[in-house]
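Below is one structure, written out as structure tokens; comments come after it.
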Amino acid sequence: MCPKCVSEKVLRIVYGLIDDPNVLRKNEIPGGCCVEDDSPVWRCDKCSWEWGQGGKGSYASADD
């Protein structure tokens with residue numbers, strides 16, 4: 001559940017080199033090949049809020 005808008009439409013962000021996007025499940029999105037300690041783990045499909053395990057987050061940039 002999204003901590004901002006309480007939507008149930010939450011996507012898991014998958015990091016790493018993904019050659020074939022068809023391997024992702026319907027509730028997963030690619031997050032790029034590089035992952036940092038503060039990289040988000042989840043993205044709300046309704047409001048685009050992204051957050052990690054600690055609960056801190058931010059809105060996804062327009063570039064995503």
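Note on naming: chains are A, B, ... as they come in the structure tokens, residues start from 1 per chain, ligands start from 1 in the order shown.
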Compile the contact shell of Leu17 (chain A) as a tab-separated table (two decimals) with N, CA, C and O atoms, in the first residue's frame: residues with an atom at most 10 Å away, counting only C-alpha atoms, same-chain residues fewer than 6 positions apart removed.
chain	number	residue	atom	x	y	z
A	30	PRO	N	11.35	-1.96	-14.40
A	30	PRO	CA	12.80	-1.86	-14.35
A	30	PRO	C	13.25	-0.59	-13.65
A	30	PRO	O	12.64	0.47	-13.80
A	31	GLY	N	14.32	-0.70	-12.87
A	31	GLY	CA	14.84	0.45	-12.13
A	31	GLY	C	16.22	0.88	-12.57
A	31	GLY	O	16.81	1.77	-11.98
A	32	GLY	N	16.75	0.25	-13.61
A	32	GLY	CA	18.09	0.59	-14.07
A	32	GLY	C	19.09	-0.45	-13.61
A	32	GLY	O	18.80	-1.32	-12.81
A	33	CYS	N	20.31	-0.31	-14.12
A	33	CYS	CA	21.32	-1.33	-13.81
A	33	CYS	C	22.09	-1.04	-12.53
A	33	CYS	O	22.71	-1.93	-11.97
A	34	CYS	N	22.05	0.18	-12.05
A	34	CYS	CA	22.80	0.54	-10.84
A	34	CYS	C	21.85	0.71	-9.66
A	34	CYS	O	20.82	1.35	-9.76
Quote the spacing between CA of Cys5 (chain A) and CA of Trp42 (chain A) in Å to one decimal place.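 That distance, rounded to one decimal, is 13.5 Å.
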When you count only C-alpha atoms, which of these residues is closest to Val14 (chain A): A:Ile29, A:Cys44, A:Trp51, A:Val35? A:Ile29
Could you name the residues that touch Lys9 (chain A) at 10 Å or less, counting only C-alpha atoms, but leaving out those on the same chain fewer than 5 positions away, as a list in words?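 In the requested form, the answer reads Met1, Cys2, Asn27, Arg43, Cys44, Asp45, Lys46 and Cys47 of chain A.
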Please produce an output containing C-alpha atoms for each residue in the selection, written as an mmCIF file, in the first residue's frame.
data_model
loop_
_atom_site.group_PDB
_atom_site.id
_atom_site.type_symbol
_atom_site.label_atom_id
_atom_site.label_comp_id
_atom_site.auth_asym_id
_atom_site.auth_seq_id
_atom_site.Cartn_x
_atom_site.Cartn_y
_atom_site.Cartn_z
ATOM 1 C CA MET A 1 0.000 0.000 0.000
ATOM 2 C CA CYS A 2 1.320 3.438 -0.938
ATOM 3 C CA ASN A 27 3.643 -5.762 -10.876
ATOM 4 C CA ARG A 43 6.668 2.810 -6.827
ATOM 5 C CA CYS A 44 3.004 3.730 -6.609
ATOM 6 C CA ASP A 45 1.353 3.326 -10.007
ATOM 7 C CA LYS A 46 -1.249 5.957 -9.073
ATOM 8 C CA CYS A 47 0.773 8.892 -7.657
#
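Here CA of Val23 (chain A) stands at a distance of 28.8 Å from CA of Lys4 (chain A).
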Record the distance separating CA of Pro3 (chain A) and CA of Leu24 (chain A), expressed in Å with one decimal.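 Rounded to one decimal, the two atoms are 23.8 Å apart.
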